[in-house]
$ cat work15.tsv   # TSV, C-alpha atoms and all ligand atoms
chain	number	residue	atom	x	y	z
A	1	MET	CA	104.48	95.80	189.43
A	2	PRO	CA	107.41	93.97	191.09
A	3	GLY	CA	107.18	91.41	188.25
A	4	PHE	CA	107.65	94.22	185.73
A	5	LEU	CA	110.77	95.51	187.48
A	6	ILE	CA	112.38	92.07	187.65
A	7	MET	CA	111.63	91.53	183.95
A	8	ALA	CA	113.11	94.92	183.12
A	9	LEU	CA	116.32	94.07	184.92
A	10	GLU	CA	116.69	90.80	183.06
A	11	SER	CA	116.56	92.38	179.63
A	12	VAL	CA	116.46	95.80	178.04
A	13	PRO	CA	115.10	96.26	174.52
A	14	VAL	CA	116.91	98.63	172.18
A	15	LEU	CA	113.53	100.28	171.58
A	16	ASP	CA	109.99	99.73	172.89
A	17	LEU	CA	107.34	101.66	171.01
A	18	SER	CA	104.50	100.10	172.98
A	19	ARG	CA	105.42	102.21	176.03
A	20	GLN	CA	105.40	105.40	174.00
A	21	TYR	CA	102.02	104.67	172.45
A	22	LYS	CA	100.27	102.90	175.32
A	23	ASN	CA	97.96	105.78	176.22
A	24	LEU	CA	97.46	106.99	172.67
A	25	LEU	CA	96.15	103.84	171.00
A	26	PRO	CA	92.42	104.60	171.49
A	27	GLU	CA	92.97	108.02	169.90
A	28	VAL	CA	94.95	106.51	167.01
A	29	ASN	CA	92.19	103.95	166.45
A	30	ARG	CA	89.57	106.70	166.39
A	31	ALA	CA	91.61	108.75	163.91
A	32	MET	CA	92.15	105.81	161.58
A	33	THR	CA	88.54	104.72	161.80
A	34	ARG	CA	87.52	108.25	160.87
A	35	VAL	CA	89.58	107.96	157.67
A	36	VAL	CA	88.19	104.53	156.82
A	37	GLU	CA	84.62	105.67	157.41
A	38	SER	CA	85.11	108.79	155.31
A	39	GLY	CA	86.55	106.80	152.40
A	40	ALA	CA	89.04	109.64	151.80
A	41	PHE	CA	92.04	107.31	151.59
A	42	ILE	CA	94.23	109.19	149.15
A	43	LEU	CA	95.33	112.76	150.04
A	44	GLY	CA	92.30	113.12	152.31
A	45	PRO	CA	91.75	116.08	154.67
A	46	ASP	CA	94.08	114.62	157.32
A	47	VAL	CA	97.04	115.00	154.94
A	48	ASN	CA	96.43	118.69	154.54
A	49	LEU	CA	95.88	119.18	158.26
A	50	PHE	CA	99.00	117.16	159.10
A	51	GLU	CA	101.07	119.28	156.71
A	52	ARG	CA	99.79	122.50	158.24
A	53	GLU	CA	100.40	121.29	161.78
A	54	VAL	CA	103.93	120.07	161.00
A	55	ALA	CA	104.78	123.30	159.15
A	56	GLN	CA	103.69	125.27	162.19
A	57	TRP	CA	105.56	123.04	164.66
A	58	MET	CA	108.65	123.08	162.47
A	59	GLY	CA	108.54	126.79	161.63
A	60	SER	CA	108.63	125.96	157.89
A	61	LYS	CA	106.82	127.90	155.23
A	62	PHE	CA	105.88	124.78	153.24
A	63	CYS	CA	105.56	121.17	154.25
A	64	LEU	CA	104.60	118.19	152.15
A	65	GLY	CA	103.66	114.72	153.43
A	66	VAL	CA	105.30	112.03	151.31
A	67	SER	CA	105.70	108.26	151.16
A	68	ASN	CA	108.98	107.95	153.11
A	69	GLY	CA	112.35	109.62	153.76
A	70	THR	CA	114.10	108.05	150.77
A	71	ASP	CA	111.45	109.44	148.42
A	72	ALA	CA	111.63	112.81	150.21
A	73	LEU	CA	115.33	112.99	149.23
A	74	PHE	CA	114.60	111.91	145.67
A	75	ILE	CA	111.79	114.48	145.32
A	76	ALA	CA	114.12	117.20	146.65
A	77	LEU	CA	116.84	116.36	144.12
A	78	ARG	CA	114.33	116.23	141.27
A	79	ALA	CA	112.70	119.52	142.31
A	80	LEU	CA	116.15	121.13	142.31
A	81	GLY	CA	116.76	119.89	138.77
A	82	ILE	CA	119.57	117.45	139.61
A	83	LYS	CA	120.20	115.34	136.51
A	84	PRO	CA	122.54	112.73	135.01
A	85	ASN	CA	126.21	113.81	134.96
A	86	ASP	CA	125.68	116.03	138.00
A	87	GLN	CA	127.34	115.08	141.25
A	88	VAL	CA	125.87	115.27	144.75
A	89	LEU	CA	128.17	115.55	147.76
A	90	SER	CA	127.27	113.84	151.02
A	91	SER	CA	128.57	111.93	154.00
A	92	PRO	CA	130.00	108.44	153.63
A	93	PHE	CA	128.68	107.71	157.13
A	94	THR	CA	124.91	107.57	156.74
A	95	PHE	CA	122.09	105.18	155.99
A	96	PHE	CA	122.53	104.12	152.36
A	97	ALA	CA	119.21	105.75	151.35
A	98	THR	CA	120.97	109.13	151.20
A	99	VAL	CA	123.16	107.72	148.44
A	100	SER	CA	120.55	105.63	146.66
A	101	ALA	CA	118.30	108.69	146.32
A	102	THR	CA	121.23	110.46	144.65
A	103	VAL	CA	121.93	107.57	142.28
A	104	ASN	CA	118.23	107.20	141.45
A	105	SER	CA	118.11	110.88	140.50
A	106	GLY	CA	120.75	110.10	137.87
A	107	ALA	CA	123.56	111.91	139.67
A	108	GLU	CA	126.83	110.47	140.92
A	109	PRO	CA	127.45	110.46	144.67
A	110	VAL	CA	130.70	112.01	145.92
A	111	PHE	CA	131.81	112.18	149.53
A	112	ALA	CA	133.66	114.27	152.09
A	113	ASP	CA	134.86	112.89	155.39
A	114	ILE	CA	133.12	113.46	158.72
A	115	ASP	CA	133.99	115.18	161.96
A	116	PRO	CA	135.24	112.53	164.42
A	117	LEU	CA	133.30	113.97	167.36
A	118	THR	CA	129.83	114.55	165.90
A	119	PHE	CA	129.96	111.96	163.05
A	120	ASN	CA	128.53	114.65	160.76
A	121	LEU	CA	130.05	116.16	157.59
A	122	ASP	CA	133.16	118.19	158.34
A	123	PRO	CA	132.79	121.57	156.56
A	124	ASN	CA	136.57	121.78	156.00
A	125	GLN	CA	136.51	118.46	154.17
A	126	VAL	CA	133.46	119.61	152.20
A	127	GLU	CA	135.27	122.74	151.09
A	128	ALA	CA	138.34	120.74	150.08
A	129	VAL	CA	136.15	118.58	147.79
A	130	LEU	CA	134.30	121.61	146.36
A	131	LYS	CA	137.62	123.36	145.62
A	132	LYS	CA	138.84	120.39	143.62
A	133	ASP	CA	135.65	120.32	141.53
A	134	LYS	CA	137.08	122.35	138.64
A	135	LEU	CA	134.34	121.27	136.21
A	136	LYS	CA	131.63	122.35	138.69
A	137	LYS	CA	129.86	119.01	138.50
A	138	ILE	CA	128.78	119.10	142.13
A	139	LYS	CA	125.32	120.64	142.12
A	140	ALA	CA	124.11	119.83	145.63
A	141	ILE	CA	125.29	118.93	149.12
A	142	ILE	CA	123.25	116.62	151.36
A	143	PRO	CA	124.29	117.13	154.98
A	144	VAL	CA	122.97	114.29	157.14
A	145	HIS	CA	122.10	115.23	160.73
A	146	LEU	CA	123.11	111.86	162.13
A	147	TYR	CA	121.70	110.39	165.34
A	148	GLY	CA	119.61	113.54	165.99
A	149	GLN	CA	122.29	116.22	166.03
A	150	ALA	CA	122.60	118.92	163.39
A	151	CYS	CA	125.55	119.42	161.08
A	152	ASP	CA	127.34	122.77	161.22
A	153	MET	CA	124.72	124.40	159.00
A	154	GLU	CA	126.05	127.95	159.28
A	155	ALA	CA	129.33	126.79	157.77
A	156	LEU	CA	127.57	124.65	155.14
A	157	VAL	CA	125.18	127.43	154.11
A	158	THR	CA	128.21	129.72	153.65
A	159	LEU	CA	129.89	127.07	151.47
A	160	ALA	CA	126.72	126.44	149.45
A	161	ASN	CA	126.47	130.15	148.70
A	162	LYS	CA	130.17	130.51	147.92
A	163	TYR	CA	130.23	127.54	145.52
A	164	GLN	CA	126.68	128.07	144.21
A	165	VAL	CA	125.36	124.60	145.05
A	166	ALA	CA	122.00	123.55	146.49
A	167	LEU	CA	121.63	122.30	150.06
A	168	VAL	CA	119.29	119.37	150.77
A	169	GLU	CA	119.16	118.45	154.44
A	170	ASP	CA	118.82	114.77	155.24
A	171	ALA	CA	116.97	115.40	158.49
A	172	CYS	CA	115.60	111.85	158.58
A	173	GLN	CA	117.05	111.33	162.07
A	174	SER	CA	116.91	114.87	163.43
A	175	ILE	CA	113.33	116.07	163.62
A	176	GLY	CA	113.25	118.84	166.23
A	177	ALA	CA	117.02	119.42	166.48
A	178	GLU	CA	117.80	123.12	166.51
A	179	ILE	CA	120.62	125.51	165.75
A	180	GLN	CA	119.92	128.90	167.32
A	181	LYS	CA	116.25	127.95	167.68
A	182	LYS	CA	115.93	127.21	163.95
A	183	LYS	CA	115.04	123.59	163.34
A	184	THR	CA	116.84	121.23	160.99
A	185	GLY	CA	115.03	121.09	157.68
A	186	ASN	CA	114.77	124.89	157.58
A	187	TRP	CA	118.44	125.65	156.87
A	188	GLY	CA	118.83	124.27	153.38
A	189	HIS	CA	116.81	124.72	150.19
A	190	VAL	CA	114.88	121.56	151.07
A	191	GLY	CA	114.56	119.47	154.24
A	192	CYS	CA	113.83	115.73	154.09
A	193	PHE	CA	112.44	113.69	156.97
A	194	SER	CA	111.72	110.02	157.52
A	195	LEU	CA	108.76	109.09	159.70
A	196	TYR	CA	109.73	105.41	159.72
A	197	PRO	CA	108.17	103.87	162.85
A	198	THR	CA	111.40	103.91	164.89
A	199	LYS	CA	112.09	107.60	164.30
A	200	ASN	CA	111.49	110.23	167.01
A	201	LEU	CA	108.23	110.98	165.20
A	202	GLY	CA	107.22	107.68	163.64
A	203	ALA	CA	104.19	106.67	161.61
A	204	VAL	CA	102.48	103.29	161.93
A	205	GLY	CA	104.10	102.32	158.63
A	206	ASP	CA	106.14	104.31	156.12
A	207	ALA	CA	105.87	108.09	155.79
A	208	GLY	CA	108.06	111.14	155.24
A	209	ILE	CA	108.09	114.92	154.96
A	210	VAL	CA	109.59	117.49	152.61
A	211	THR	CA	110.00	121.04	153.90
A	212	THR	CA	111.05	124.21	152.11
A	213	GLN	CA	110.77	127.97	152.39
A	214	ASP	CA	110.68	128.37	148.59
A	215	ALA	CA	107.28	128.53	146.86
A	216	ASP	CA	108.67	127.39	143.51
A	217	LEU	CA	110.40	124.32	145.00
A	218	TYR	CA	107.24	123.52	146.94
A	219	GLU	CA	105.11	123.63	143.78
A	220	LYS	CA	107.57	121.34	141.98
A	221	ALA	CA	107.73	118.89	144.90
A	222	LEU	CA	103.93	118.89	145.17
A	223	SER	CA	103.67	117.99	141.52
A	224	ILE	CA	106.45	115.33	141.61
A	225	ARG	CA	104.69	113.67	144.56
A	226	ASN	CA	101.70	112.94	142.35
A	227	HIS	CA	102.94	111.93	138.89
A	228	GLY	CA	104.04	115.46	137.96
A	229	SER	CA	100.41	116.44	137.87
A	230	LYS	CA	98.39	119.12	139.61
A	231	ILE	CA	95.37	118.86	137.36
A	232	ARG	CA	94.10	115.33	136.84
A	233	TYR	CA	95.59	113.70	133.71
A	234	VAL	CA	97.68	116.77	132.91
A	235	HIS	CA	101.39	116.06	133.51
A	236	ASP	CA	103.88	118.94	133.55
A	237	LEU	CA	106.78	116.99	135.06
A	238	ILE	CA	107.94	113.42	135.39
A	239	GLY	CA	107.01	112.43	138.91
A	240	SER	CA	105.73	109.26	140.49
A	241	ASN	CA	103.48	108.11	143.30
A	242	PHE	CA	105.18	109.53	146.39
A	243	ARG	CA	101.98	110.29	148.34
A	244	ILE	CA	101.70	109.88	152.10
A	245	ASP	CA	98.84	107.56	153.12
A	246	THR	CA	95.96	109.43	154.70
A	247	VAL	CA	95.75	106.88	157.53
A	248	GLN	CA	99.41	107.59	158.32
A	249	ALA	CA	98.76	111.33	158.37
A	250	ALA	CA	95.81	110.75	160.72
A	251	ALA	CA	97.94	108.70	163.14
A	252	LEU	CA	100.80	111.19	162.93
A	253	ARG	CA	98.44	114.02	163.90
A	254	VAL	CA	97.82	112.14	167.15
A	255	PHE	CA	101.57	111.74	167.78
A	256	LEU	CA	102.81	115.20	166.80
A	257	PRO	CA	101.58	117.05	169.93
A	258	HIS	CA	103.68	114.62	172.02
A	259	LEU	CA	106.90	115.00	170.06
A	260	ASP	CA	108.44	117.74	172.24
A	261	GLU	CA	107.80	115.67	175.36
A	262	TRP	CA	109.26	112.54	173.70
A	263	ILE	CA	112.38	114.45	172.65
A	264	ARG	CA	112.80	115.76	176.22
A	265	ALA	CA	112.48	112.20	177.56
A	266	ARG	CA	115.23	111.07	175.17
A	267	GLN	CA	117.45	114.00	176.18
A	268	ASN	CA	116.97	113.25	179.88
A	269	ALA	CA	117.76	109.56	179.40
A	270	ALA	CA	120.86	110.56	177.37
A	271	SER	CA	122.07	112.88	180.14
A	272	TYR	CA	121.66	110.03	182.62
A	273	TYR	CA	123.82	107.73	180.46
A	274	ASP	CA	126.37	110.56	180.02
A	275	GLU	CA	126.69	110.99	183.74
A	276	LYS	CA	127.14	107.28	184.41
A	277	LEU	CA	129.27	106.34	181.41
A	278	ALA	CA	131.64	109.33	181.22
A	279	ARG	CA	134.05	107.79	183.72
A	280	LEU	CA	134.67	104.64	181.65
A	281	ASP	CA	138.00	104.90	179.82
A	282	TRP	CA	137.26	102.39	177.05
A	283	ILE	CA	134.32	104.19	175.57
A	284	ARG	CA	133.50	107.72	174.44
A	285	ILE	CA	130.06	109.13	175.19
A	286	PRO	CA	128.35	111.13	172.40
A	287	ALA	CA	129.90	114.56	171.88
A	288	ARG	CA	127.53	117.52	171.95
A	289	ALA	CA	128.13	120.03	169.17
A	290	ARG	CA	128.44	123.56	170.52
A	291	PHE	CA	125.95	124.88	167.96
A	292	SER	CA	123.15	122.26	167.94
A	293	THR	CA	120.69	120.67	170.31
A	294	HIS	CA	120.71	116.85	170.24
A	295	THR	CA	117.40	114.99	170.00
A	296	PHE	CA	119.02	111.59	170.58
A	297	HIS	CA	117.36	109.57	167.90
A	298	GLN	CA	120.26	107.33	168.84
A	299	TYR	CA	122.54	107.34	171.87
A	300	THR	CA	125.74	106.25	170.17
A	301	ILE	CA	129.01	105.62	171.96
A	302	ARG	CA	132.42	104.78	170.55
A	303	VAL	CA	133.99	101.56	171.77
A	304	LEU	CA	137.77	101.98	171.66
A	305	SER	CA	140.59	99.45	171.18
A	306	ASN	CA	138.75	97.18	168.76
A	307	ARG	CA	136.55	95.76	171.49
A	308	ARG	CA	133.13	96.51	170.01
A	309	GLU	CA	132.34	93.03	168.83
A	310	GLU	CA	133.26	91.52	172.19
A	311	LEU	CA	131.10	94.08	173.99
A	312	GLN	CA	128.20	93.37	171.63
A	313	LYS	CA	128.39	89.70	172.44
A	314	TYR	CA	128.50	90.50	176.15
A	315	LEU	CA	125.43	92.74	175.87
A	316	SER	CA	123.59	90.10	173.84
A	317	ASP	CA	124.30	87.53	176.55
A	318	LYS	CA	122.78	89.95	179.06
A	319	LYS	CA	119.77	90.45	176.75
A	320	ILE	CA	120.57	94.12	176.28
A	321	GLY	CA	119.52	95.46	172.89
A	322	HIS	CA	122.11	97.38	170.88
A	323	ALA	CA	122.77	98.26	167.25
A	324	VAL	CA	125.50	99.46	164.91
A	325	TYR	CA	124.52	102.38	162.68
A	326	TYR	CA	126.38	101.82	160.32
A	327	PRO	CA	128.93	99.02	160.01
A	328	ILE	CA	130.04	99.72	156.41
A	329	PRO	CA	130.54	103.27	155.16
A	330	CYS	CA	128.70	104.06	151.93
A	331	HIS	CA	131.79	104.45	149.72
A	332	LEU	CA	132.82	100.85	150.50
A	333	GLN	CA	129.43	99.32	149.71
A	334	LYS	CA	129.36	96.81	146.86
A	335	ALA	CA	126.54	98.77	145.21
A	336	LEU	CA	129.03	101.61	144.54
A	337	GLN	CA	131.98	99.49	143.47
A	338	SER	CA	131.93	100.99	139.98
A	339	LEU	CA	133.05	104.30	141.56
A	340	GLN	CA	136.27	102.55	142.67
A	341	TYR	CA	136.53	103.90	146.19
A	342	LYS	CA	138.90	101.99	148.47
A	343	PRO	CA	139.60	101.63	152.19
A	344	GLY	CA	141.48	104.66	153.43
A	345	ASP	CA	139.60	107.16	151.23
A	346	PHE	CA	137.55	108.49	154.18
A	347	PRO	CA	139.44	107.31	157.26
A	348	VAL	CA	137.34	109.13	159.87
A	349	ALA	CA	134.12	107.56	158.59
A	350	GLU	CA	135.79	104.15	158.33
A	351	LYS	CA	137.00	104.31	161.94
A	352	ALA	CA	133.54	105.41	163.11
A	353	ALA	CA	132.00	102.43	161.32
A	354	GLN	CA	134.28	100.15	163.35
A	355	GLU	CA	133.67	101.81	166.71
A	356	VAL	CA	130.09	103.07	167.03
A	357	LEU	CA	127.51	101.31	169.15
A	358	SER	CA	123.99	102.52	169.90
A	359	LEU	CA	122.52	101.72	173.31
A	360	PRO	CA	118.85	101.33	174.33
A	361	LEU	CA	117.20	104.73	174.51
A	362	PHE	CA	113.54	105.60	174.02
A	363	PRO	CA	110.79	107.52	175.80
A	364	GLY	CA	109.71	105.32	178.69
A	365	ILE	CA	113.07	103.61	179.33
A	366	THR	CA	113.37	103.26	183.11
A	367	THR	CA	116.24	104.20	185.41
A	368	PRO	CA	116.70	100.56	186.51
A	369	GLU	CA	116.98	99.60	182.84
A	370	GLN	CA	119.59	102.26	182.18
A	371	ASP	CA	121.46	101.21	185.35
A	372	TYR	CA	121.40	97.63	184.09
A	373	VAL	CA	122.93	98.72	180.75
A	374	VAL	CA	125.57	100.88	182.47
A	375	GLY	CA	126.34	98.11	184.96
A	376	ALA	CA	126.84	95.56	182.19
A	377	ILE	CA	129.19	97.86	180.25
A	378	ALA	CA	131.21	98.67	183.39
A	379	GLU	CA	131.39	94.99	184.27
A	380	PHE	CA	132.62	94.11	180.77
A	381	PHE	CA	135.51	96.56	180.98
A	382	ASN	CA	136.46	95.46	184.47
A	401	LIG	C1	119.83	109.27	157.48
A	401	LIG	C2	118.67	108.62	156.80
A	401	LIG	N1	118.40	108.94	155.52
A	401	LIG	C3	117.36	108.40	154.86
A	401	LIG	C4	116.51	107.51	155.47
A	401	LIG	C5	115.41	106.89	154.67
A	401	LIG	O1	114.16	107.06	155.24
A	401	LIG	P1	112.99	105.99	154.97
A	401	LIG	O2	113.36	104.73	155.66
A	401	LIG	O3	111.77	106.64	155.56
A	401	LIG	O4	112.87	105.82	153.50
A	401	LIG	C6	116.73	107.17	156.81
A	401	LIG	C7	115.81	106.27	157.52
A	401	LIG	O5	115.96	105.16	157.80
A	401	LIG	C8	117.84	107.71	157.49
A	401	LIG	O6	118.11	107.38	158.75

$ encode --input "work15.tsv" --output "structure tokens"
Amino acid sequence: MPGFLIMALESVPVLDLSRQYKNLLPEVNRAMTRVVESGAFILGPDVNLFEREVAQWMGSKFCLGVSNGTDALFIALRALGIKPNDQVLSSPFTFFATVSATVNSGAEPVFADIDPLTFNLDPNQVEAVLKKDKLKKIKAIIPVHLYGQACDMEALVTLANKYQVALVEDACQSIGAEIQKKKTGNWGHVGCFSLYPTKNLGAVGDAGIVTTQDADLYEKALSIRNHGSKIRYVHDLIGSNFRIDTVQAAALRVFLPHLDEWIRARQNAASYYDEKLARLDWIRIPARARFSTHTFHQYTIRVLSNRREELQKYLSDKKIGHAVYYPIPCHLQKALQSLQYKPGDFPVAEKAAQEVLSLPLFPGITTPEQDYVVGAIAEFFN
């Protein structure tokens, strides 16, 4: 073991899934072999069981396994009847999939700026945009629970009711995060989750989940997932192939019982960073919203005074993994240039894009590794 410790102190990966899965691989292999031997590859029994188990864990009435988080968002918008000429309001500071799902549904994305502390949609900014929407083109809001911390859903539910718009939660990064013991994905009309391998609950490939409490929306989403069809070769809606793979569902059933423990490990590692990094003047540790738990899909600091790039280079030299989620806000992406947004339109998001930096954090990260990261950051600022 001394060799392992020396190695760990010479480099720290941004993420190491092998540690998380080390003891579970024989069980995953058995589960996947069971699917292969049964031949039930498409929507086999494991899909149904996975959906039931997730619904129970999540406290959702309905849960649907789907192909990935992007498709989950698209299915949600389609099930809600979003169509061309509608607008969908979301955060400019998110993974671009939130926006591409909107555009692919035919709607136009519009934005409201974020809260500088949590990086999530600021309800006051949301209301300002909704108030200006005299033609009532905005038909849905997609709050994104970034980095594993929930948006202010009480405020957003109130706004959705007041302005009569749908709420689709982009919970792709926030599985397990809670507001008053109610998990993200259960606050809006539909919840959308990514089970991309790096997520807190990750598949061994692509996968996603749609949740809802509404039987009608569930029936529509179920149909859209499979070519708009519930009876073979009878098509009531335009859907597509958004099915989750049965082998993914089988692997995810092995992982799900460990999710609470993995989230706790992330939270403990985050508290350790907080304690060690809080005293450094040149960075800001992640703010904790008063209303939400934080599942730390990412541990994201702000690097002040335009020194992020320099710090990144320093960390790279020390072989410390790090990442910027996200360097360009959505409204300034070339793909949306026809909408004619410009720098300065959403200044809080733009500043965040210049300052955020995610540090190594995953279940199984060791204290010496975290000390090495903290030591390198302290050394850089000295
Ligand atoms: C906020 C957010 N939305 C949407 C997605 C899309 O999910 P997927 O990669 O499973 O399609 C992701 C995942 O990367 C995400 O982080």

$ residues_near_ligand --input "work15.tsv" --ligand "ligand LIG 401 (chain A)" --cutoff "6 Å" --atoms "all atoms listed in the file" --output "MDAnalysis selection string"
chainID A and resid 68:70 94:95 97:98 144 170 172:173 194:196 208

$ closest_residue --input "work15.tsv" --among "A:Gly344, A:Gly188, A:Gly39, A:Gly81" --to "A:Lys139" --atoms "all atoms listed in the file"
A:Gly81

$ closest_residue --input "work15.tsv" --among "A:Tyr163, A:Tyr21, A:Phe193, A:Phe41" --to "A:Val54" --atoms "only C-alpha atoms"
A:Phe193

$ residues_around --input "work15.tsv" --residues "A:Asn306" --least-positions-apart "6" --cutoff "10 Å" --atoms "all atoms listed in the file" --output "PyMOL selection string"
chain A and resi 282+354-355

$ residues_around --input "work15.tsv" --residues "A:Gln180" --least-positions-apart "5" --cutoff "10 Å" --atoms "only C-alpha atoms" --output "NGL selection string"
:A and (291-293)

$ closest_residue --input "work15.tsv" --among "A:Asn226, A:Gln20, A:Gln87, A:Ser100" --to "A:Val165" --atoms "all atoms listed in the file"
A:Gln87

$ closest_residue --input "work15.tsv" --among "A:Glu350, A:Ala215, A:Pro26, A:Ala265" --to "A:His331" --atoms "all atoms listed in the file"
A:Glu350

$ closest_residue --input "work15.tsv" --among "A:Ala207, A:Ile365, A:Ala171, A:Ile244" --to "A:Tyr273" --atoms "only C-alpha atoms"
A:Ile365

$ closest_residue --input "work15.tsv" --among "A:Pro343, A:Leu359, A:Ile179, A:Leu311" --to "A:Asp274" --atoms "all atoms listed in the file"
A:Leu359

$ atom_distance --input "work15.tsv" --atom1 "atom CA of A:Gly44" --atom2 "atom CA of A:Ala72"
19.4 Å

$ atom_distance --input "work15.tsv" --atom1 "atom CA of A:Gly239" --atom2 "atom CA of A:Ser223"
7.0 Å

$ residues_around --input "work15.tsv" --residues "A:Tyr299" --least-positions-apart "5" --cutoff "8 Å" --atoms "only C-alpha atoms" --output "ChimeraX atom specification"
/A:147,270,286,358-361

$ axis_aligned_box --input "work15.tsv" --around "stretch 267-281 of chain A" --padding-each-side "4 Å" --output "lines of an AutoDock Vina configuration file"
center_x = 127.5
center_y = 109.3
center_z = 180.3
size_x = 29.0
size_y = 17.4
size_z = 16.2

$ atom_distance --input "work15.tsv" --atom1 "atom CA of A:Arg243" --atom2 "atom CA of A:Ser229"
12.2 Å

$ residues_near_point --input "work15.tsv" --point "(118.5, 120.4, 163.3)" --cutoff "8 Å" --atoms "all atoms listed in the file" --output "JSON, numbers by chain"
{"A": [145, 148, 149, 150, 151, 171, 174, 175, 176, 177, 178, 179, 182, 183, 184, 185, 292, 293]}

$ residues_near_point --input "work15.tsv" --point "(134.9, 124.6, 154.1)" --cutoff "10 Å" --atoms "all atoms listed in the file" --output "list in words"
Asp122, Pro123, Asn124, Gln125, Val126, Glu127, Ala128, Val129, Leu130, Lys131, Ala155, Leu156, Thr158, Leu159, Ala160 and Lys162 of chain A

$ residues_around --input "work15.tsv" --residues "stretch 91-93 of chain A" --least-positions-apart "5" --cutoff "8 Å" --atoms "all atoms listed in the file" --output "list of chain:residue names"
A:Phe111, A:Ala112, A:Asp113, A:Ile114, A:Phe119, A:Asn120, A:Leu121, A:Ile142, A:Pro143, A:Val144, A:Tyr326, A:Pro329, A:Cys330, A:His331, A:Phe346, A:Ala349, A:Ala353

$ decode --input "work15.tsv" --residues "stretch 191-209 of chain A" --atoms "C-alpha atoms" --output "PDB file, in the first residue's frame"
ATOM      1  CA  GLY A 191     -38.178  15.791 -13.915  1.00  0.00           C
ATOM      2  CA  CYS A 192     -35.320  14.879 -16.269  1.00  0.00           C
ATOM      3  CA  PHE A 193     -32.184  13.018 -15.235  1.00  0.00           C
ATOM      4  CA  SER A 194     -28.982  12.030 -16.978  1.00  0.00           C
ATOM      5  CA  LEU A 195     -27.330   8.777 -15.975  1.00  0.00           C
ATOM      6  CA  TYR A 196     -24.220   9.528 -18.040  1.00  0.00           C
ATOM      7  CA  PRO A 197     -21.359   7.494 -16.519  1.00  0.00           C
ATOM      8  CA  THR A 198     -19.833  10.435 -14.612  1.00  0.00           C
ATOM      9  CA  LYS A 199     -23.084  11.404 -12.882  1.00  0.00           C
ATOM     10  CA  ASN A 200     -23.729  10.610  -9.198  1.00  0.00           C
ATOM     11  CA  LEU A 201     -25.764   7.648 -10.463  1.00  0.00           C
ATOM     12  CA  GLY A 202     -24.107   6.669 -13.727  1.00  0.00           C
ATOM     13  CA  ALA A 203     -24.815   3.874 -16.173  1.00  0.00           C
ATOM     14  CA  VAL A 204     -22.107   1.949 -18.008  1.00  0.00           C
ATOM     15  CA  GLY A 205     -23.018   3.920 -21.122  1.00  0.00           C
ATOM     16  CA  ASP A 206     -25.824   6.374 -21.849  1.00  0.00           C
ATOM     17  CA  ALA A 207     -29.111   6.359 -19.928  1.00  0.00           C
ATOM     18  CA  GLY A 208     -31.631   8.758 -18.432  1.00  0.00           C
ATOM     19  CA  ILE A 209     -34.854   9.033 -16.445  1.00  0.00           C
TER      20      ILE A 209
END
